[in-house]
Every structure is written in structure tokens, then in C-alpha cells.
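Peer 1: Below you'll find query-v8.cif; it's mmCIF, C-alpha atoms and all ligand atoms.
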```cif
data_structure
loop_
_atom_site.label_atom_id
_atom_site.label_comp_id
_atom_site.auth_asym_id
_atom_site.auth_seq_id
_atom_site.Cartn_x
_atom_site.Cartn_y
_atom_site.Cartn_z
CA MET E 24 -9.73 18.84 0.30
CA PRO E 25 -11.62 16.63 -2.16
CA GLU E 26 -14.11 14.05 -0.96
CA THR E 27 -12.47 10.61 -1.00
CA ILE E 28 -13.53 7.06 -0.36
CA PHE E 29 -11.67 7.26 2.95
CA SER E 30 -13.86 10.19 4.12
CA ALA E 31 -16.89 7.98 3.48
CA ILE E 32 -15.25 5.11 5.39
CA ILE E 33 -14.54 7.43 8.35
CA ARG E 34 -18.19 8.52 8.36
CA GLY E 35 -19.25 4.86 8.29
CA GLU E 36 -21.04 5.24 4.95
CA ILE E 37 -18.82 2.65 3.27
CA PRO E 38 -17.90 -0.55 5.13
CA CYS E 39 -14.37 -1.57 5.96
CA HIS E 40 -12.63 -4.35 7.86
CA ARG E 41 -11.73 -2.17 10.84
CA VAL E 42 -8.86 -3.21 13.08
CA TYR E 43 -8.48 -0.08 15.25
CA GLU E 44 -10.19 3.25 15.91
CA ASP E 45 -9.74 6.20 18.26
CA ASP E 46 -10.72 9.89 18.18
CA ARG E 47 -8.09 10.76 15.56
CA VAL E 48 -7.10 7.52 13.81
CA LEU E 49 -8.76 4.65 11.94
CA ALA E 50 -7.06 1.47 10.71
CA PHE E 51 -8.59 -1.09 8.36
CA LEU E 52 -7.59 -3.78 5.89
CA ASP E 53 -6.63 -2.70 2.37
CA ILE E 54 -9.27 -3.89 -0.09
CA ASN E 55 -6.62 -4.86 -2.66
CA PRO E 56 -3.85 -6.20 -0.43
CA LEU E 57 -0.27 -6.62 -1.60
CA SER E 58 -0.03 -9.38 0.99
CA GLU E 59 -1.99 -10.99 3.82
CA GLY E 60 -2.53 -8.42 6.57
CA HIS E 61 -1.97 -5.31 4.41
CA THR E 62 -3.45 -2.59 6.63
CA LEU E 63 -4.12 1.12 6.11
CA VAL E 64 -3.79 3.58 8.97
CA ILE E 65 -5.42 6.96 8.38
CA PRO E 66 -5.92 10.18 10.32
CA LYS E 67 -9.54 11.28 10.60
CA GLU E 68 -8.37 14.82 9.84
CA PRO E 69 -8.88 15.55 6.14
CA ALA E 70 -5.41 16.14 4.69
CA VAL E 71 -4.14 15.07 1.28
CA THR E 72 -0.43 14.69 1.97
CA PHE E 73 1.61 14.10 5.10
CA ASP E 74 3.11 17.61 5.12
CA GLU E 75 -0.42 19.06 5.41
CA LEU E 76 -1.19 17.11 8.55
CA SER E 77 -1.49 18.85 11.94
CA GLU E 78 1.06 17.90 14.59
CA GLU E 79 -1.79 16.51 16.70
CA SER E 80 -2.90 14.06 13.99
CA ALA E 81 0.70 13.17 13.12
CA ALA E 82 1.39 12.47 16.78
CA ALA E 83 -1.75 10.36 17.08
CA LEU E 84 -0.66 8.30 14.05
CA GLY E 85 2.87 7.92 15.39
CA ARG E 86 1.62 6.91 18.82
CA VAL E 87 -0.46 4.01 17.56
CA LEU E 88 1.64 2.80 14.61
CA PRO E 89 4.12 0.62 16.54
CA ARG E 90 1.27 -1.14 18.32
CA LEU E 91 -0.56 -1.71 15.04
CA CYS E 92 2.62 -3.06 13.43
CA ARG E 93 3.04 -5.49 16.32
CA ALA E 94 -0.59 -6.58 15.99
CA VAL E 95 -0.27 -7.21 12.24
CA VAL E 96 2.94 -9.19 12.73
CA ARG E 97 1.45 -11.25 15.58
CA ALA E 98 -1.75 -11.98 13.70
CA THR E 99 -0.06 -12.97 10.44
CA GLY E 100 3.31 -14.35 11.52
CA ALA E 101 4.96 -12.21 8.85
CA PRO E 102 8.75 -12.24 9.30
CA ALA E 103 9.08 -8.64 8.08
CA TYR E 104 7.02 -5.69 6.93
CA ASN E 105 7.24 -2.36 5.13
CA LEU E 106 5.65 0.94 6.11
CA LEU E 107 4.76 2.92 3.00
CA GLN E 108 3.31 6.40 2.77
CA ASN E 109 2.73 7.87 -0.70
CA ASN E 110 2.33 11.62 -1.25
CA GLY E 111 1.12 12.91 -4.60
CA ALA E 112 0.03 11.17 -7.77
CA GLY E 113 3.66 11.19 -8.96
CA ALA E 114 4.55 9.14 -5.88
CA HIS E 115 1.83 6.55 -6.48
CA GLN E 116 -0.83 8.15 -4.26
CA ALA E 117 -4.24 7.09 -5.56
CA VAL E 118 -6.50 8.06 -2.65
CA MET E 119 -6.05 11.73 -1.79
CA HIS E 120 -6.35 11.35 1.97
CA VAL E 121 -3.22 10.70 4.05
CA HIS E 122 -2.68 7.02 4.77
CA VAL E 123 0.12 4.79 5.97
CA HIS E 124 0.36 1.27 4.57
CA ILE E 125 1.53 -1.56 6.83
CA ILE E 126 2.54 -4.24 4.32
CA PRO E 127 3.68 -7.59 5.67
CA ARG E 128 6.55 -9.05 3.66
CA TYR E 129 6.65 -12.81 3.06
CA PRO E 130 9.83 -13.46 1.01
CA ASP E 131 8.91 -17.11 0.44
CA ARG E 132 5.45 -16.46 -1.03
CA PRO E 133 4.85 -16.03 -4.75
CA GLU E 134 4.91 -12.60 -6.41
CA GLY E 135 1.57 -10.90 -5.85
CA ARG E 136 1.29 -12.27 -2.33
CA ALA E 137 4.78 -11.57 -1.02
CA GLY E 138 4.25 -7.90 -0.17
CA LEU E 139 5.90 -4.75 -1.45
CA GLY E 140 8.19 -5.23 -4.44
CA LEU E 141 10.97 -2.69 -4.26
CA VAL E 142 13.41 -1.53 -6.89
CA TRP E 143 16.10 0.38 -4.98
CA ARG E 144 18.76 2.00 -7.12
CA PRO E 145 20.86 4.18 -4.82
CA GLY E 146 23.14 6.91 -6.05
CA ALA E 147 26.14 8.38 -4.23
CA LEU E 148 25.85 11.61 -2.27
CA ASP E 149 28.50 14.14 -3.27
CA ALA E 150 29.99 15.63 -0.08
CA GLN E 151 29.88 19.25 -1.24
CA ALA E 152 26.44 19.07 -2.81
CA GLY E 153 25.19 17.16 0.24
CA ALA E 154 26.43 19.85 2.63
CA ALA E 155 24.75 22.58 0.57
CA LEU E 156 21.49 20.67 0.30
CA ALA E 157 21.38 19.79 3.99
CA GLY E 158 21.98 23.47 4.74
CA ARG E 159 19.06 24.53 2.50
CA ILE E 160 16.70 22.03 4.11
CA ALA E 161 17.80 23.00 7.61
CA ALA E 162 17.30 26.68 6.77
CA ALA E 163 13.84 25.99 5.34
CA PHE E 164 12.97 24.07 8.49
CA SER E 165 13.99 26.86 10.81
CA ASP E 166 12.88 29.95 8.85
CA GLY E 167 9.23 29.10 9.08
CA ALA E 168 8.78 27.80 5.54
CA ALA E 169 8.19 24.35 6.98
CA GLN E 170 5.37 25.54 9.23
CA ALA E 171 2.05 24.00 8.21
P1 LIG E 201 -2.14 4.70 -2.44
O1 LIG E 201 -1.65 4.22 -3.77
O2 LIG E 201 -1.03 4.87 -1.44
O3 LIG E 201 -3.02 5.92 -2.54
O4 LIG E 201 -3.03 3.51 -1.86
C1 LIG E 201 -4.41 3.56 -1.72
C2 LIG E 201 -4.84 2.23 -1.19
O5 LIG E 201 -6.20 2.31 -0.81
C3 LIG E 201 -4.73 1.08 -2.21
O6 LIG E 201 -3.86 0.09 -1.69
C4 LIG E 201 -6.17 0.57 -2.34
O7 LIG E 201 -6.25 -0.82 -2.47
C5 LIG E 201 -6.79 1.05 -1.03
N1 LIG E 201 -8.24 1.23 -1.07
C6 LIG E 201 -8.96 1.93 -1.97
N2 LIG E 201 -10.28 1.87 -1.67
C7 LIG E 201 -10.38 1.13 -0.53
C8 LIG E 201 -11.47 0.71 0.28
N3 LIG E 201 -12.74 1.02 -0.01
N4 LIG E 201 -11.20 -0.05 1.37
C9 LIG E 201 -9.93 -0.40 1.67
N5 LIG E 201 -8.85 -0.02 0.95
C10 LIG E 201 -9.08 0.73 -0.16
#
```
Taking this structure as input, can you express it in the form of C-alpha cells?
Ligand code: AMP

Peer 2:
Amino acid sequence: MPETIFSAIIRGEIPCHRVYEDDRVLAFLDINPLSEGHTLVIPKEPAVTFDELSEESAAALGRVLPRLCRAVVRATGAPAYNLLQNNGAGAHQAVMHVHVHIIPRYPDRPEGRAGLGLVWRPGALDAQAGAALAGRIAAAFSDGAAQA
């Protein structure tokens, strides 16, 4: 696990605008927000991608996320928000320590302050290919390959 800026923030060596902290989780404002209230929620456990995370840290994140989302929405008045979690440089991960973005979405604000811009180009799932793929994933889940 490489040293990252988030490890230094967890240790308190680099300041952040902290909004929440417990034994396993820290949440703070993103330094380059996509919109007002853009918040990062990170496990204290050093893991690069979500699949590397222990069930204890994942549970701790999941336990606090809804409350943090409510807090961000109440504090900003945002009418909507996105949760974003990037894994790997190819998926736009820049800081190699697991983090969840809470990104308020303000459709009426100008680009650059409105929140996450999404290009969503869905395909169509072929029934036969879908059945085979779902079977492979289910098998991988149950045969132990998905164990951390
Ligand atoms: P990602 O592309 O998912 O890896 O996002 C990393 C996020 O971390 C970006 O939105 C950055 O603006 C944010 N970030 C990087 N350094 C800091 C920092 N020192 N304090 C707060 N947020 C940071």
C-alpha cells in the first residue's frame, strides 16, 4: 500500500475540513469540490480499492454513509446527490486510498458548480450472454475467488 495524502490526513499531519470521525472512518470536504458540500468518506484502513477492504471497514463505511448523506443534504439544501467510488487509475482514481465521494447535485447551477457531470450510454443486455455472465460471477462469488 503506497503512502498517500489521505494517510497523512488520517494521521493529522495534513489539515482537512473534517465533518465526521470514528475509530474506522474519517469524512472531510474535498479540496477541489465538484459542487458545494462535496465530501470524501474514507476508511482508516489502508486499502487501495474497494475490493481490498475488510468487511469490518466496509461495514463501518456503510453504517455511517446514510447519516453523512443526510447531513450534507441538510447543510447544503442540495435537491439531489451522487455517491461515487472510483477504483483504479483507469476508473479515474487519483488518490490510491479507498474513498467514497458524496457529491451534491444542483441542476440549476452553472457547469463546474452543479456537481457530477455524467455521460451515460447504456447498451442492451443479451439474455443468453447475461445468463452466462451472471453464472460466472455467481460461481466466482461462491467458490472463494471473491474472498479478500
Ligand atoms: P479520485 O479521482 O476518486 O481519486 O478523487 C480524489 C479526490 O481527492 C479528488 O476529488 C481531490 O480533489 C481530492 N483530494 C486530493 N487531495 C486532497 C486533500 N488534501 N484534501 C481533500 N481532498 C483532496

Peer 1: Which chains and residue numbers are within 12 Å of ligand LIG 201 (chain E), counting all atoms listed in the file, if I want them as a PDB file with C-alpha atoms, keeping the file's coordinate frame?

Peer 2:
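Output (selection.pdb):
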```pdb
ATOM      1  CA  THR E  27     -12.470  10.610  -1.000  1.00  0.00           C
ATOM      2  CA  ILE E  28     -13.530   7.060  -0.360  1.00  0.00           C
ATOM      3  CA  PHE E  29     -11.670   7.260   2.950  1.00  0.00           C
ATOM      4  CA  SER E  30     -13.860  10.190   4.120  1.00  0.00           C
ATOM      5  CA  ALA E  31     -16.890   7.980   3.480  1.00  0.00           C
ATOM      6  CA  ILE E  32     -15.250   5.110   5.390  1.00  0.00           C
ATOM      7  CA  ILE E  33     -14.540   7.430   8.350  1.00  0.00           C
ATOM      8  CA  GLY E  35     -19.250   4.860   8.290  1.00  0.00           C
ATOM      9  CA  GLU E  36     -21.040   5.240   4.950  1.00  0.00           C
ATOM     10  CA  ILE E  37     -18.820   2.650   3.270  1.00  0.00           C
ATOM     11  CA  PRO E  38     -17.900  -0.550   5.130  1.00  0.00           C
ATOM     12  CA  CYS E  39     -14.370  -1.570   5.960  1.00  0.00           C
ATOM     13  CA  HIS E  40     -12.630  -4.350   7.860  1.00  0.00           C
ATOM     14  CA  ARG E  41     -11.730  -2.170  10.840  1.00  0.00           C
ATOM     15  CA  VAL E  42      -8.860  -3.210  13.080  1.00  0.00           C
ATOM     16  CA  LEU E  49      -8.760   4.650  11.940  1.00  0.00           C
ATOM     17  CA  ALA E  50      -7.060   1.470  10.710  1.00  0.00           C
ATOM     18  CA  PHE E  51      -8.590  -1.090   8.360  1.00  0.00           C
ATOM     19  CA  LEU E  52      -7.590  -3.780   5.890  1.00  0.00           C
ATOM     20  CA  ASP E  53      -6.630  -2.700   2.370  1.00  0.00           C
ATOM     21  CA  ILE E  54      -9.270  -3.890  -0.090  1.00  0.00           C
ATOM     22  CA  ASN E  55      -6.620  -4.860  -2.660  1.00  0.00           C
ATOM     23  CA  PRO E  56      -3.850  -6.200  -0.430  1.00  0.00           C
ATOM     24  CA  LEU E  57      -0.270  -6.620  -1.600  1.00  0.00           C
ATOM     25  CA  SER E  58      -0.030  -9.380   0.990  1.00  0.00           C
ATOM     26  CA  GLY E  60      -2.530  -8.420   6.570  1.00  0.00           C
ATOM     27  CA  HIS E  61      -1.970  -5.310   4.410  1.00  0.00           C
ATOM     28  CA  THR E  62      -3.450  -2.590   6.630  1.00  0.00           C
ATOM     29  CA  LEU E  63      -4.120   1.120   6.110  1.00  0.00           C
ATOM     30  CA  VAL E  64      -3.790   3.580   8.970  1.00  0.00           C
ATOM     31  CA  ILE E  65      -5.420   6.960   8.380  1.00  0.00           C
ATOM     32  CA  VAL E  71      -4.140  15.070   1.280  1.00  0.00           C
ATOM     33  CA  THR E  72      -0.430  14.690   1.970  1.00  0.00           C
ATOM     34  CA  PHE E  73       1.610  14.100   5.100  1.00  0.00           C
ATOM     35  CA  LEU E 106       5.650   0.940   6.110  1.00  0.00           C
ATOM     36  CA  LEU E 107       4.760   2.920   3.000  1.00  0.00           C
ATOM     37  CA  GLN E 108       3.310   6.400   2.770  1.00  0.00           C
ATOM     38  CA  ASN E 109       2.730   7.870  -0.700  1.00  0.00           C
ATOM     39  CA  ASN E 110       2.330  11.620  -1.250  1.00  0.00           C
ATOM     40  CA  GLY E 111       1.120  12.910  -4.600  1.00  0.00           C
ATOM     41  CA  ALA E 112       0.030  11.170  -7.770  1.00  0.00           C
ATOM     42  CA  GLY E 113       3.660  11.190  -8.960  1.00  0.00           C
ATOM     43  CA  ALA E 114       4.550   9.140  -5.880  1.00  0.00           C
ATOM     44  CA  HIS E 115       1.830   6.550  -6.480  1.00  0.00           C
ATOM     45  CA  GLN E 116      -0.830   8.150  -4.260  1.00  0.00           C
ATOM     46  CA  ALA E 117      -4.240   7.090  -5.560  1.00  0.00           C
ATOM     47  CA  VAL E 118      -6.500   8.060  -2.650  1.00  0.00           C
ATOM     48  CA  MET E 119      -6.050  11.730  -1.790  1.00  0.00           C
ATOM     49  CA  HIS E 120      -6.350  11.350   1.970  1.00  0.00           C
ATOM     50  CA  VAL E 121      -3.220  10.700   4.050  1.00  0.00           C
ATOM     51  CA  HIS E 122      -2.680   7.020   4.770  1.00  0.00           C
ATOM     52  CA  VAL E 123       0.120   4.790   5.970  1.00  0.00           C
ATOM     53  CA  HIS E 124       0.360   1.270   4.570  1.00  0.00           C
ATOM     54  CA  ILE E 125       1.530  -1.560   6.830  1.00  0.00           C
ATOM     55  CA  ILE E 126       2.540  -4.240   4.320  1.00  0.00           C
ATOM     56  CA  GLY E 138       4.250  -7.900  -0.170  1.00  0.00           C
ATOM     57  CA  LEU E 139       5.900  -4.750  -1.450  1.00  0.00           C
TER      58      LEU E 139
END
```

Peer 1: Enter the distance from CA of Gly85 (chain E) to CA of Pro69 (chain E), in Å, rounded to one decimal.

Peer 2: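 Pair CA of Gly85 (chain E) / CA of Pro69 (chain E) returns 16.8 Å.
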
Peer 1: Distance CA of Val48 (chain E)-CA of Leu84 (chain E), one decimal place?

Peer 2: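 Result for CA of Val48 (chain E) versus CA of Leu84 (chain E): 6.5 Å, one decimal.
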
Peer 1: Would you compute an axis-aligned box for region 112-130 of chain E, covering every atom listed for it in the file with 6 Å of margin on each side, and report centre and edge lengths in Å to one decimal as lines of an AutoDock Vina configuration file?

Peer 2:
```
center_x = 1.7
center_y = -0.9
center_z = -1.1
size_x = 28.3
size_y = 37.2
size_z = 27.8
```

Peer 1: Between E:Asp149, E:Glu134, E:Glu59, E:Asp166, single out the one closest to Val95 (chain E), counting only C-alpha atoms.

Peer 2: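 Once distances to Val95 (chain E) are computed over only C-alpha atoms, the minimum belongs to E:Glu59.
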
Peer 1: Interatomic distance between CA of Pro89 (chain E) and CA of Ala103 (chain E)?

Peer 2: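 It comes out at 13.5 Å.
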
Peer 1: Between E:Pro25, E:Gly158, E:Pro66, E:Gly153, which residue has the minimum interatomic distance to Leu88 (chain E), considering all atoms listed in the file?

Peer 2: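 Among the listed residues, the smallest separation from Leu88 (chain E) belongs to E:Pro66.
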
Peer 1: Please return region 82-106 of chain E, rebuilt to N, CA, C and O atoms, as a PDB file, in the frame of the given file.

Peer 2:
```
ATOM      1  N   ALA E  82       1.005  13.102  15.519  1.00  0.00           N
ATOM      2  CA  ALA E  82       1.390  12.470  16.780  1.00  0.00           C
ATOM      3  C   ALA E  82       0.488  11.285  17.092  1.00  0.00           C
ATOM      4  O   ALA E  82       0.954  10.238  17.553  1.00  0.00           O
ATOM      5  N   ALA E  83      -0.798  11.449  16.812  1.00  0.00           N
ATOM      6  CA  ALA E  83      -1.750  10.360  17.080  1.00  0.00           C
ATOM      7  C   ALA E  83      -1.419   9.143  16.199  1.00  0.00           C
ATOM      8  O   ALA E  83      -1.476   7.993  16.655  1.00  0.00           O
ATOM      9  N   LEU E  84      -1.061   9.403  14.939  1.00  0.00           N
ATOM     10  CA  LEU E  84      -0.660   8.300  14.050  1.00  0.00           C
ATOM     11  C   LEU E  84       0.603   7.629  14.594  1.00  0.00           C
ATOM     12  O   LEU E  84       0.687   6.403  14.682  1.00  0.00           O
ATOM     13  N   GLY E  85       1.584   8.453  14.928  1.00  0.00           N
ATOM     14  CA  GLY E  85       2.870   7.920  15.390  1.00  0.00           C
ATOM     15  C   GLY E  85       2.738   7.124  16.680  1.00  0.00           C
ATOM     16  O   GLY E  85       3.425   6.129  16.880  1.00  0.00           O
ATOM     17  N   ARG E  86       1.804   7.579  17.530  1.00  0.00           N
ATOM     18  CA  ARG E  86       1.620   6.910  18.820  1.00  0.00           C
ATOM     19  C   ARG E  86       1.105   5.485  18.635  1.00  0.00           C
ATOM     20  O   ARG E  86       1.510   4.561  19.310  1.00  0.00           O
ATOM     21  N   VAL E  87       0.207   5.305  17.677  1.00  0.00           N
ATOM     22  CA  VAL E  87      -0.460   4.010  17.560  1.00  0.00           C
ATOM     23  C   VAL E  87       0.225   3.071  16.546  1.00  0.00           C
ATOM     24  O   VAL E  87       0.019   1.863  16.578  1.00  0.00           O
ATOM     25  N   LEU E  88       1.054   3.627  15.671  1.00  0.00           N
ATOM     26  CA  LEU E  88       1.640   2.800  14.610  1.00  0.00           C
ATOM     27  C   LEU E  88       2.459   1.601  15.120  1.00  0.00           C
ATOM     28  O   LEU E  88       2.270   0.481  14.629  1.00  0.00           O
ATOM     29  N   PRO E  89       3.348   1.797  16.098  1.00  0.00           N
ATOM     30  CA  PRO E  89       4.120   0.620  16.540  1.00  0.00           C
ATOM     31  C   PRO E  89       3.233  -0.501  17.051  1.00  0.00           C
ATOM     32  O   PRO E  89       3.478  -1.679  16.776  1.00  0.00           O
ATOM     33  N   ARG E  90       2.167  -0.121  17.776  1.00  0.00           N
ATOM     34  CA  ARG E  90       1.270  -1.140  18.320  1.00  0.00           C
ATOM     35  C   ARG E  90       0.522  -1.861  17.192  1.00  0.00           C
ATOM     36  O   ARG E  90       0.326  -3.078  17.230  1.00  0.00           O
ATOM     37  N   LEU E  91       0.122  -1.091  16.182  1.00  0.00           N
ATOM     38  CA  LEU E  91      -0.560  -1.710  15.040  1.00  0.00           C
ATOM     39  C   LEU E  91       0.386  -2.634  14.274  1.00  0.00           C
ATOM     40  O   LEU E  91      -0.007  -3.714  13.820  1.00  0.00           O
ATOM     41  N   CYS E  92       1.636  -2.208  14.113  1.00  0.00           N
ATOM     42  CA  CYS E  92       2.620  -3.060  13.430  1.00  0.00           C
ATOM     43  C   CYS E  92       2.792  -4.373  14.190  1.00  0.00           C
ATOM     44  O   CYS E  92       2.815  -5.464  13.592  1.00  0.00           O
ATOM     45  N   ARG E  93       2.899  -4.270  15.515  1.00  0.00           N
ATOM     46  CA  ARG E  93       3.040  -5.490  16.320  1.00  0.00           C
ATOM     47  C   ARG E  93       1.824  -6.395  16.153  1.00  0.00           C
ATOM     48  O   ARG E  93       1.945  -7.622  16.039  1.00  0.00           O
ATOM     49  N   ALA E  94       0.638  -5.791  16.120  1.00  0.00           N
ATOM     50  CA  ALA E  94      -0.590  -6.580  15.990  1.00  0.00           C
ATOM     51  C   ALA E  94      -0.640  -7.300  14.647  1.00  0.00           C
ATOM     52  O   ALA E  94      -1.002  -8.481  14.567  1.00  0.00           O
ATOM     53  N   VAL E  95      -0.257  -6.597  13.578  1.00  0.00           N
ATOM     54  CA  VAL E  95      -0.270  -7.210  12.240  1.00  0.00           C
ATOM     55  C   VAL E  95       0.720  -8.367  12.194  1.00  0.00           C
ATOM     56  O   VAL E  95       0.418  -9.466  11.699  1.00  0.00           O
ATOM     57  N   VAL E  96       1.910  -8.143  12.745  1.00  0.00           N
ATOM     58  CA  VAL E  96       2.940  -9.190  12.730  1.00  0.00           C
ATOM     59  C   VAL E  96       2.493 -10.395  13.563  1.00  0.00           C
ATOM     60  O   VAL E  96       2.629 -11.552  13.147  1.00  0.00           O
ATOM     61  N   ARG E  97       1.903 -10.127  14.732  1.00  0.00           N
ATOM     62  CA  ARG E  97       1.450 -11.250  15.580  1.00  0.00           C
ATOM     63  C   ARG E  97       0.335 -12.023  14.925  1.00  0.00           C
ATOM     64  O   ARG E  97       0.281 -13.254  14.993  1.00  0.00           O
ATOM     65  N   ALA E  98      -0.586 -11.319  14.280  1.00  0.00           N
ATOM     66  CA  ALA E  98      -1.750 -11.980  13.700  1.00  0.00           C
ATOM     67  C   ALA E  98      -1.399 -12.772  12.441  1.00  0.00           C
ATOM     68  O   ALA E  98      -2.048 -13.771  12.130  1.00  0.00           O
ATOM     69  N   THR E  99      -0.377 -12.319  11.719  1.00  0.00           N
ATOM     70  CA  THR E  99      -0.060 -12.970  10.440  1.00  0.00           C
ATOM     71  C   THR E  99       1.170 -13.865  10.511  1.00  0.00           C
ATOM     72  O   THR E  99       1.339 -14.746   9.663  1.00  0.00           O
ATOM     73  N   GLY E 100       2.043 -13.608  11.475  1.00  0.00           N
ATOM     74  CA  GLY E 100       3.310 -14.350  11.520  1.00  0.00           C
ATOM     75  C   GLY E 100       4.305 -13.869  10.482  1.00  0.00           C
ATOM     76  O   GLY E 100       5.324 -14.534  10.247  1.00  0.00           O
ATOM     77  N   ALA E 101       4.039 -12.729   9.873  1.00  0.00           N
ATOM     78  CA  ALA E 101       4.960 -12.210   8.850  1.00  0.00           C
ATOM     79  C   ALA E 101       6.345 -11.991   9.456  1.00  0.00           C
ATOM     80  O   ALA E 101       6.460 -11.424  10.543  1.00  0.00           O
ATOM     81  N   PRO E 102       7.402 -12.403   8.746  1.00  0.00           N
ATOM     82  CA  PRO E 102       8.750 -12.240   9.300  1.00  0.00           C
ATOM     83  C   PRO E 102       9.304 -10.824   9.132  1.00  0.00           C
ATOM     84  O   PRO E 102      10.338 -10.498   9.722  1.00  0.00           O
ATOM     85  N   ALA E 103       8.609  -9.995   8.334  1.00  0.00           N
ATOM     86  CA  ALA E 103       9.080  -8.640   8.080  1.00  0.00           C
ATOM     87  C   ALA E 103       7.915  -7.820   7.544  1.00  0.00           C
ATOM     88  O   ALA E 103       6.873  -8.378   7.183  1.00  0.00           O
ATOM     89  N   TYR E 104       8.091  -6.525   7.511  1.00  0.00           N
ATOM     90  CA  TYR E 104       7.020  -5.690   6.930  1.00  0.00           C
ATOM     91  C   TYR E 104       7.606  -4.365   6.481  1.00  0.00           C
ATOM     92  O   TYR E 104       8.664  -3.939   6.957  1.00  0.00           O
ATOM     93  N   ASN E 105       6.890  -3.709   5.559  1.00  0.00           N
ATOM     94  CA  ASN E 105       7.240  -2.360   5.130  1.00  0.00           C
ATOM     95  C   ASN E 105       6.152  -1.392   5.585  1.00  0.00           C
ATOM     96  O   ASN E 105       4.964  -1.726   5.548  1.00  0.00           O
ATOM     97  N   LEU E 106       6.569  -0.178   5.972  1.00  0.00           N
ATOM     98  CA  LEU E 106       5.650   0.940   6.110  1.00  0.00           C
ATOM     99  C   LEU E 106       5.818   1.791   4.862  1.00  0.00           C
ATOM    100  O   LEU E 106       6.950   2.115   4.480  1.00  0.00           O
TER     101      LEU E 106
END
```
